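Chemist: Below you will find the structure I want to go over with you.
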Amino acid sequence: MMIIRSVALLALATTLLYFAPSHAQTARDQISIVGSSTVYPFATVVAERFGQTTSFKTPKIESTGSGGGMKLFCSGIGVGYPDITNSSRQIKSSEYQDCQANGVTDIIEVLIGYDGIAIANSVEEDQMSLSLKDIYLALAKRVPNPDGSASFVENTYQTWADVNPVLPAKDIEVLGPPPTSGTRDAFAELALEGGCKQFDWIVALKKSDKDEYKDACHSVREDGRFVEAGENDNLIVQKLQANPNALGIFGFSFLDQNSDSVQPSLIEDHEPDFDTIADGSYPVSRPLYFYVKKAHVGVIPGIAEYLTEFTSEASWGEEGYLADKGMIPLDEDARTSAAESIANLEVMAEP
Amino acid sequence: MNHTDPTDSETSDADRSSTDTLGMTRSDTTAKVKASIKKRYARERRFRLYGLIAILSSLSFLAILVFTITKNGLPAFKQTFIQLDVTLDAKTLGLGDEPDQAQLLKANYNGTIKKALLAQFPDVKKRKDKKALYKLISKGGQYDLQRQVMESPDLIGQSKTVWLPAGDDASGYLKGMVDVTIPEKKRRFKDNQIEWIESLKQDNRVAERFNWTFFERGDSREPEMAGIKGALFGSILTLMVTLILSFPIAVASAIYLEEFAPRNKWTDIIEVNINNLAAVPSIVFGLLGLAVFINFFQLPRSAPVVGGLVLSLMTLPTIIISSRAALKSVPPSIRDAALGLGASNLQVVFHHVLPLALPGILTGTIIGMAQALGETAPLLMIGMVAFIVDVPATITDPATVLPVQIFQWADLPEKGFVEKTSAAIMVLLAFLVAMNTFAVILRRKFERKW
């Protein structure tokens with residue numbers, strides 16, 4: 001009895017192993033999307049709506065991170081490879097070369113909008129007003145020598161008042177994402193480097209010693225003042241509620257959803273909202289992209305229609321459902337011209 | 001270590017009385033033993049106390065965990081609906097005279113819902129207020145309406161009273177999760193929205209029902225429309241593949257290694273390797289799965305078949321090790337008796353040893369399966385950490401699994417996903433309990449005493 005059962009199970013297992021590969025190279029009837037976890041909450045809304053309002057299957061969206069997505073996307077052409085990759089930054093020239101080398105020659109680039117990065121604290125405390133320079137001085141690993149000479153010293157600022165006397169004399173304590181996160185990269189590039197650039201001699205350094213410049217402007221202090229709180233933005237919001245003295249760094253859509261418990265700090269006198277992020281007066285925001293393989297359009301059913309859905313006013317427009325989810329739309333002219341070039345499947349040039 | 005004073009003085013008294021005669025008298029020994037008995041009892045009491053404290057503290061942690069999860073998750077099993085009188089006229093829907101299926105799919109159902117809301121509240125005129133009003137109804141409401149119209153297209157041109165799911169914030173308010181004492185500026189759910197909801201309530205146009213949506217649908221980006229069915233089926237399919245592959249292979253290898261294989265260098269090497277495999281981090285199996293099953297064998301990404309293959313690699317060593325232990329624990333007398341009665345080696349194993357070892361083997365299998373159920377890391381590499389709306393039906397359909405679903409919902413900004421996350425954890429726990437109960441029943445059935 002037992003033998004028969006085991007043999008039957010074994011046989012089943014072998015057939016399973018045997019038959020599965022034959023499934024592999026048959027046509028795929030579902031769009032496969034990979035990439036950034038920042039674009040994920042927006043792309044999924046479009047995908048869901050696309051699945052509900054057309055006869056195509058709902059696209060599958062993997063959240064792999066921008067870099068991981070780009071790697072998968074550039075591995076080749078064919079049903080085994082994703083059709084679209086989301087990215088919270090522009091494709092790098094090295095990635096583009098990688099794509100070319102693997103036969104992914106024609107890539108359509110779509111800039112869909114912006115995502116703001118907020119620095120917020122609990123509503124129980126006073127709202128902060130920071131400049132990029134304050135942020136840089138408070139959080140960088142090395143800061144310019146306070147005596148004014150053109151050299152770096154270890155960051156020893158303990159309170160915000162040490163950084164800038166107009167700020168409150170509260171301990172510096174900032175919760176933010178770990179280095180693996182795209183939000184952290186964008187924060188370093190926009191906020192830290194933005195403050196860093198305000199020192200003329202550091203800008204001069206950029207020309208003479210680029211690596212040193214990047215290290216000085218992008219490194220975050222490691223003495224416990226900046227706390228790596230994990231990739232989950234909800235967790236940072238919860239920690240801010242529990243610890244009113246701390247500031248937290250997270251995406252704008254989380255601010256939008258939690259306005260009852262956290263408030264954004266003003267940066268360069270601007271509070272993050274749809275208008276200030278869209279016109280660039282709020283300085284810490286990053287572009288969101290997705291990239292499409294032209295060779296897959298027409299082969300995998302629905303890609304062209306998905307592009308149409310994504311670039312429709314009802315979706316990425318100012319009153320569209322993506323704005324409801326917290327994405328900052330492009331301005332109208334940019335949308336119109338982008339929608340047109342995407343409808344014509346115009347291929348991007350090498351970055 | 002609290003040394004009690006009476007014991008000390010007793011010992012020293014006894015010492016004094018005995019030293020002048022023999023050095024060691026009977027009363028001396030008795031006193032010593034008596035003293036040490038007290039100490040030994042105290043030691044035992046302390047040990048028991050430590051054990052009790054350990055168990056009580058872990059129980060209280062468990063209770064806190066279950067309590068918070070249940071408290072957060074219970075509201076997710078209720079769904080709030082709002083009743084509206086919608087007019088399905090072709091003009092608002094943007095349909096021609098003879099609409100085909102594609103047009104029906106694309107029709108402007110949202111427009112009819114907006115119109116119905118404005119008809120309900122004719123005083124709302126300002127653009128901003130209108131936008132706030134529209135948010136009372138879930139974005140998923142239009143798809144409910146769409147389904148009804150697609151099923152019976154003759155609804156077009158008629159008026160219909162429908163129950164539509166309430167929006168994220170509105171249902172949060174109706175479930176009592178909005179603190180109305182916070183100043184309006186800082187609150188997501190504004191005063192005018194509260195007013196509208198209260199007036200709908202008075203007209204008996206608000207209802208709370210059991211949330212079937214949660215069990216009938218796949219993932220969604222609208223918390224009120226999101227369901228667990230996709231992830232649940234994904235988990236079931238993946239575990240089925242895992243069980244079918246790993247159980248027979250593991251039991252067969254355990255039997256061979258334990259009962260038939262000769263003891264030599266090769267079997268030693270195999271044994272060491274199996275033990276090592278059990279300790280390999282699961283992400284490594286994911287990388288292996290990506291390289292072998294997806295890149296080499298060209299199996300589809302995100303499919304339960306690949307997930308099952310990877311997880312069975314992970315559970316194989318666990319089951320093999322526990323199966324070998326179970327086989328080893330069967331008394332040799334049983335084997336000897338069977339052999340003595342003329343059974344062949346194979347008969348001995350399959351008729352006598354295996355049935356007796358089965359309870360232990362099943363325990364090992366269930367531990368392995370429970371591990372596989374909770375695993376997310378290896379699935380990341382093979383594309384099962386994904387947004388998948390359609391419920392998988394076969395092992396090659398794209399799917400995700402319960403722990404991945406929990407992880408993804410926990411990461412989303414919408415407040416409504418907090419309760420969904422906890423509810424999904426409850427479903428995962430229920431699944432685990434069901435699996436364990438099944439194993440216990442099987443074990444009872446096979447258990448034999450001798």
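Naming scheme: A, B, ... for chains in displayed order of the structure tokens; residues 1 onward per chain; ligands 1 onward as shown.
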Might you pull out every residue within 10 Å of Asp134 of chain A, with only C-alpha atoms counted and same-chain residues fewer than 4 positions away left off, and present them as a PDB file with C-alpha atoms, in the first residue's frame?
Modeler:
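Once everything was written out, this is selection-v7.pdb:
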ATOM      1  CA  SER A 129      12.057  75.094   8.967  1.00  0.00           C
ATOM      2  CA  LEU A 130      15.341  73.933   7.495  1.00  0.00           C
ATOM      3  CA  ALA A 138      23.405  68.207  10.577  1.00  0.00           C
ATOM      4  CA  LEU A 139      23.636  64.887   8.766  1.00  0.00           C
ATOM      5  CA  TRP A 160      20.018  71.740  15.704  1.00  0.00           C
ATOM      6  CA  ALA A 161      21.008  75.012  17.394  1.00  0.00           C
ATOM      7  CA  ASP A 162      24.679  74.043  16.960  1.00  0.00           C
ATOM      8  CA  VAL A 163      24.071  73.846  13.229  1.00  0.00           C
ATOM      9  CA  ASN A 164      22.143  77.068  12.940  1.00  0.00           C
ATOM     10  CA  LEU A 167      16.890  76.421  15.050  1.00  0.00           C
ATOM     11  CA  ALA A 191      19.379  67.358   0.093  1.00  0.00           C
ATOM     12  CA  LEU A 192      22.934  66.675   1.244  1.00  0.00           C
ATOM     13  CA  GLY A 195      23.574  71.893   0.967  1.00  0.00           C
ATOM     14  CA  CYS A 196      27.140  70.886   0.199  1.00  0.00           C
ATOM     15  CA  ILE A 267      12.763  73.165   3.311  1.00  0.00           C
ATOM     16  CA  GLU A 268      14.082  76.451   1.928  1.00  0.00           C
TER      17      GLU A 268
END
Chemist: Quick one: which residues from chain B are at most 8 Å off chain A, using only C-alpha atoms, as JSON, numbers by chain?
Modeler: {"B": [102, 105, 106, 143, 182, 186, 187, 188, 220, 221, 244, 245, 248, 249, 297, 298, 299, 300, 301, 305, 350, 380, 383, 384, 385, 386, 387, 388, 389, 390, 396, 398, 410, 411, 412, 413, 414, 415]}
Chemist: Quick one: pull the distance between atom CA of Ser282 of chain B and atom CA of Leu379 of chain B, Å, one decimal.
Modeler: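 Computed distance, atom CA of Ser282 of chain B to atom CA of Leu379 of chain B, equals 9.3 Å.
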Chemist: Quick one: everything within 10 Å of Thr105 of chain A, counting only C-alpha atoms, minus sequence neighbours fewer than 6 positions away in the same chain. Send it as number ranges by chain.
Modeler: A: 74, 76-77, 96-99, 293-295, 347-348
Chemist: Would you save the residues of that selection, restricted to C-alpha atoms, as a short mmCIF file (atom, residue, chain, number, x, y, z; two decimals), in the first residue's frame?
Modeler:
data_model
loop_
_atom_site.label_atom_id
_atom_site.label_comp_id
_atom_site.auth_asym_id
_atom_site.auth_seq_id
_atom_site.Cartn_x
_atom_site.Cartn_y
_atom_site.Cartn_z
CA CYS A 74 18.46 44.45 -19.91
CA GLY A 76 17.52 40.12 -23.21
CA ILE A 77 14.63 40.06 -25.64
CA TYR A 96 22.11 51.32 -21.37
CA GLN A 97 25.29 49.74 -22.73
CA ASP A 98 24.39 46.48 -20.99
CA CYS A 99 20.97 46.58 -22.65
CA LYS A 293 11.19 47.36 -24.79
CA LYS A 294 10.04 48.40 -28.22
CA ALA A 295 10.67 44.93 -29.59
CA VAL A 347 13.07 55.39 -28.97
CA MET A 348 15.36 57.10 -26.48
#
Chemist: Quick one: DSSP alpha helix (DSSP H) residues in segment 232-285 of chain B, as a ChimeraX atom specification?
Modeler: /B:232-255,265-277,282-285
Chemist: What is the atom CA of Asp126 of chain A to atom CA of Thr183 of chain A distance in Å?
Modeler: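 These atoms are spaced 25.0 Å apart.
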Chemist: Just want the 10 Å neighbourhood of segment 209-216 of chain B, counted on only C-alpha atoms, with same-chain residues fewer than 2 positions away dropped. Output as a PyMOL selection string.
Modeler: chain B and resi 75-81+165+207+218-219+223-230+232+391+420+423-424+427
Chemist: Could those residues be written to a file, using N, CA and C atoms, as a compact mmCIF listing (two decimals), in the first residue's frame?
Modeler:
# COMPACT_ATOMS: atom_id res chain seq x y z
N PRO B 75 -11.44 44.59 12.23
CA PRO B 75 -12.25 45.47 11.39
C PRO B 75 -12.19 45.09 9.91
N ALA B 76 -11.10 44.43 9.49
CA ALA B 76 -10.96 44.09 8.08
C ALA B 76 -11.99 43.06 7.63
N PHE B 77 -12.57 42.35 8.58
CA PHE B 77 -13.56 41.35 8.19
C PHE B 77 -14.95 41.94 8.01
N LYS B 78 -15.03 43.26 8.27
CA LYS B 78 -16.30 43.97 8.03
C LYS B 78 -16.07 44.92 6.87
N GLN B 79 -17.06 45.06 6.01
CA GLN B 79 -16.93 46.02 4.94
C GLN B 79 -18.14 46.95 4.97
N THR B 80 -17.90 48.24 4.77
CA THR B 80 -19.01 49.17 4.80
C THR B 80 -19.46 49.51 3.39
N PHE B 81 -20.78 49.59 3.24
CA PHE B 81 -21.37 49.88 1.93
C PHE B 81 -22.23 51.13 2.04
N PRO B 165 -19.21 49.81 -2.25
CA PRO B 165 -18.27 49.86 -1.13
C PRO B 165 -17.84 51.29 -0.81
N ALA B 207 -24.42 50.58 5.38
CA ALA B 207 -24.55 49.24 5.97
C ALA B 207 -23.17 48.63 6.19
N GLY B 218 -8.41 38.88 -5.52
CA GLY B 218 -6.97 38.95 -5.42
C GLY B 218 -6.57 40.33 -4.91
N ASP B 219 -5.32 40.65 -5.08
CA ASP B 219 -4.76 41.90 -4.58
C ASP B 219 -5.40 43.09 -5.30
N PRO B 223 -7.49 49.62 -0.65
CA PRO B 223 -7.57 48.70 0.49
C PRO B 223 -8.95 48.04 0.63
N GLU B 224 -10.02 48.79 0.32
CA GLU B 224 -11.35 48.22 0.53
C GLU B 224 -11.68 47.16 -0.52
N MET B 225 -10.91 47.10 -1.61
CA MET B 225 -11.17 46.10 -2.64
C MET B 225 -10.16 44.95 -2.61
N ALA B 226 -9.16 45.06 -1.74
CA ALA B 226 -8.09 44.07 -1.75
C ALA B 226 -8.54 42.78 -1.08
N GLY B 227 -8.15 41.66 -1.65
CA GLY B 227 -8.52 40.37 -1.10
C GLY B 227 -7.31 39.46 -0.94
N ILE B 228 -7.51 38.40 -0.18
CA ILE B 228 -6.43 37.49 0.16
C ILE B 228 -6.44 36.24 -0.71
N LYS B 229 -7.49 36.08 -1.52
CA LYS B 229 -7.66 34.81 -2.22
C LYS B 229 -6.47 34.47 -3.12
N GLY B 230 -5.96 35.46 -3.83
CA GLY B 230 -4.84 35.22 -4.72
C GLY B 230 -3.64 34.65 -3.98
N LEU B 232 -3.63 33.29 -0.97
CA LEU B 232 -3.97 32.02 -0.33
C LEU B 232 -3.82 30.88 -1.33
N VAL B 391 -6.41 35.65 -9.60
CA VAL B 391 -6.19 34.52 -8.71
C VAL B 391 -5.61 33.36 -9.52
N LYS B 420 -5.81 45.36 6.85
CA LYS B 420 -5.67 44.23 5.92
C LYS B 420 -4.44 43.40 6.25
N ALA B 423 -5.22 41.29 9.18
CA ALA B 423 -6.17 40.24 8.80
C ALA B 423 -5.46 39.15 8.01
N ALA B 424 -4.52 39.56 7.14
CA ALA B 424 -3.76 38.58 6.36
C ALA B 424 -2.91 37.71 7.28
N VAL B 427 -5.13 35.13 8.69
CA VAL B 427 -5.38 34.06 7.73
C VAL B 427 -4.19 33.11 7.66
Chemist: At a cut-off of 12 Å, can you tabulate as CSV every residue of segment 398-420 of chain B near segment 369-372 of chain B together with its closest atom pair and the distance in Å to one decimal, using only C-alpha atoms and ordering rows by chain then number?
Modeler:
residue,atom,partner,partner_atom,distance
B:Val401,CA,B:Ala372,CA,10.5
B:Leu402,CA,B:Ala372,CA,11.1
B:Pro403,CA,B:Ala372,CA,10.3
Chemist: Would you mind listing what lies within 9 Å of Asp29 of chain A as a ChimeraX atom specification, with only C-alpha atoms counted and same-chain residues fewer than 5 positions away left out?
Modeler: /A:56-57,300-302
Chemist: Give the strand (DSSP E) residues of segment 167-265 of chain B, as assigned by DSSP on the backbone, as a PyMOL selection string.
Modeler: chain B and resi 206-210
Chemist: May I have the residues within 12 Å of Val203 of chain A as a short mmCIF file (atom, residue, chain, number, x, y, z; two decimals) with all heavy atoms, in the first residue's frame, using only C-alpha atoms and disregarding those fewer than 6 positions away in the same chain?
Modeler:
data_model
loop_
_atom_site.label_atom_id
_atom_site.label_comp_id
_atom_site.auth_asym_id
_atom_site.auth_seq_id
_atom_site.Cartn_x
_atom_site.Cartn_y
_atom_site.Cartn_z
N ALA A 150 39.23 75.91 4.55
CA ALA A 150 38.75 74.99 3.53
C ALA A 150 39.18 73.55 3.84
O ALA A 150 40.00 72.97 3.14
CB ALA A 150 39.25 75.43 2.17
N GLU A 193 23.79 66.93 -1.00
CA GLU A 193 24.65 67.58 -1.99
C GLU A 193 24.18 69.00 -2.25
O GLU A 193 24.99 69.91 -2.47
CB GLU A 193 24.67 66.76 -3.29
CG GLU A 193 25.81 67.19 -4.20
CD GLU A 193 25.88 66.37 -5.48
OE1 GLU A 193 25.50 65.18 -5.43
OE2 GLU A 193 26.31 66.93 -6.49
N GLY A 194 22.85 69.20 -2.17
CA GLY A 194 22.30 70.54 -2.34
C GLY A 194 22.86 71.52 -1.32
O GLY A 194 23.16 72.66 -1.63
N GLY A 195 23.02 71.03 -0.07
CA GLY A 195 23.57 71.89 0.97
C GLY A 195 25.07 72.04 0.82
O GLY A 195 25.66 73.10 1.05
N CYS A 196 25.69 70.96 0.39
CA CYS A 196 27.14 70.89 0.20
C CYS A 196 27.61 71.91 -0.84
O CYS A 196 28.62 72.59 -0.66
CB CYS A 196 27.41 69.47 -0.30
SG CYS A 196 29.06 68.89 -0.17
N LYS A 197 26.80 72.04 -1.88
CA LYS A 197 27.15 72.92 -3.00
C LYS A 197 27.19 74.39 -2.60
O LYS A 197 27.68 75.21 -3.36
CB LYS A 197 26.10 72.77 -4.10
CG LYS A 197 26.35 71.65 -5.06
CD LYS A 197 25.33 71.77 -6.18
CE LYS A 197 25.10 70.45 -6.86
NZ LYS A 197 23.76 70.38 -7.43
N ASP A 209 38.93 67.02 -7.44
CA ASP A 209 38.91 65.65 -6.90
C ASP A 209 37.47 65.19 -6.78
O ASP A 209 36.82 65.38 -5.76
CB ASP A 209 39.61 65.64 -5.53
CG ASP A 209 39.81 64.22 -5.02
OD1 ASP A 209 39.22 63.30 -5.62
OD2 ASP A 209 40.54 64.06 -4.04
N LYS A 210 36.96 64.60 -7.84
CA LYS A 210 35.54 64.25 -7.91
C LYS A 210 35.15 63.22 -6.85
O LYS A 210 34.08 63.33 -6.25
CB LYS A 210 35.22 63.72 -9.30
CG LYS A 210 33.83 64.14 -9.73
CD LYS A 210 33.54 63.77 -11.16
CE LYS A 210 32.05 63.93 -11.40
NZ LYS A 210 31.60 63.45 -12.66
N GLU A 212 36.52 62.63 -3.93
CA GLU A 212 36.51 63.26 -2.61
C GLU A 212 35.25 64.10 -2.43
O GLU A 212 34.60 64.07 -1.39
CB GLU A 212 37.78 64.12 -2.47
CG GLU A 212 37.81 65.02 -1.26
CD GLU A 212 38.03 64.28 0.06
OE1 GLU A 212 38.14 63.05 0.02
OE2 GLU A 212 38.07 64.95 1.11
N TYR A 213 34.86 64.81 -3.50
CA TYR A 213 33.66 65.63 -3.47
C TYR A 213 32.43 64.76 -3.19
O TYR A 213 31.61 65.06 -2.33
CB TYR A 213 33.51 66.35 -4.81
CG TYR A 213 32.17 67.01 -5.04
CD1 TYR A 213 31.87 68.23 -4.46
CD2 TYR A 213 31.21 66.40 -5.83
CE1 TYR A 213 30.63 68.82 -4.66
CE2 TYR A 213 29.97 66.98 -6.05
CZ TYR A 213 29.68 68.20 -5.46
OH TYR A 213 28.46 68.78 -5.65
N LYS A 214 32.35 63.67 -3.92
CA LYS A 214 31.18 62.79 -3.78
C LYS A 214 31.14 62.18 -2.38
O LYS A 214 30.08 62.11 -1.75
CB LYS A 214 31.26 61.68 -4.83
CG LYS A 214 29.87 61.34 -5.31
CD LYS A 214 29.82 60.30 -6.38
CE LYS A 214 28.40 59.75 -6.36
NZ LYS A 214 28.22 58.53 -7.05
N ALA A 216 32.39 63.41 0.33
CA ALA A 216 32.09 64.44 1.33
C ALA A 216 30.62 64.83 1.28
O ALA A 216 30.00 65.08 2.32
CB ALA A 216 32.97 65.66 1.11
N CYS A 217 30.05 64.88 0.09
CA CYS A 217 28.70 65.39 -0.03
C CYS A 217 27.63 64.31 0.10
O CYS A 217 26.46 64.63 0.31
CB CYS A 217 28.52 66.10 -1.37
SG CYS A 217 29.43 67.63 -1.45
#
Chemist: Can you tell me, as a list in words, what residues are no more than 10 Å from Asn72 of chain B when counting only C-alpha atoms, ignoring any on the same chain fewer than 6 positions away?
Modeler: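 Here the answer would be Val66, Val418, Glu419, Lys420, Thr421, Ser422 and Ala423 of chain B.
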Chemist: Keeping C-alpha atoms for every residue in the selection just given, could you write it to a file as an mmCIF file, in the first residue's frame?
Modeler:
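Once written, result-v8.cif looks like this:
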data_model
loop_
_atom_site.group_PDB
_atom_site.id
_atom_site.type_symbol
_atom_site.label_atom_id
_atom_site.label_comp_id
_atom_site.auth_asym_id
_atom_site.auth_seq_id
_atom_site.Cartn_x
_atom_site.Cartn_y
_atom_site.Cartn_z
ATOM 1 C CA VAL B 66 -2.305 37.746 19.127
ATOM 2 C CA VAL B 418 -3.038 48.369 8.249
ATOM 3 C CA GLU B 419 -6.116 46.306 9.062
ATOM 4 C CA LYS B 420 -5.675 44.231 5.917
ATOM 5 C CA THR B 421 -2.117 43.395 6.963
ATOM 6 C CA SER B 422 -3.274 42.126 10.357
ATOM 7 C CA ALA B 423 -6.171 40.244 8.800
#
Chemist: What does the distance from atom CA of Leu164 of chain B to atom CA of Leu88 of chain B come to in Å, to one decimal?
Modeler: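 That distance, rounded to one decimal, is 14.5 Å.
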Chemist: Pick the closest to Leu309 of chain B from B:Met240, B:Ala326, B:Arg444, B:Leu358: which is it, counting only C-alpha atoms?
Modeler: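 Distance minimum relative to Leu309 of chain B lands on B:Met240.
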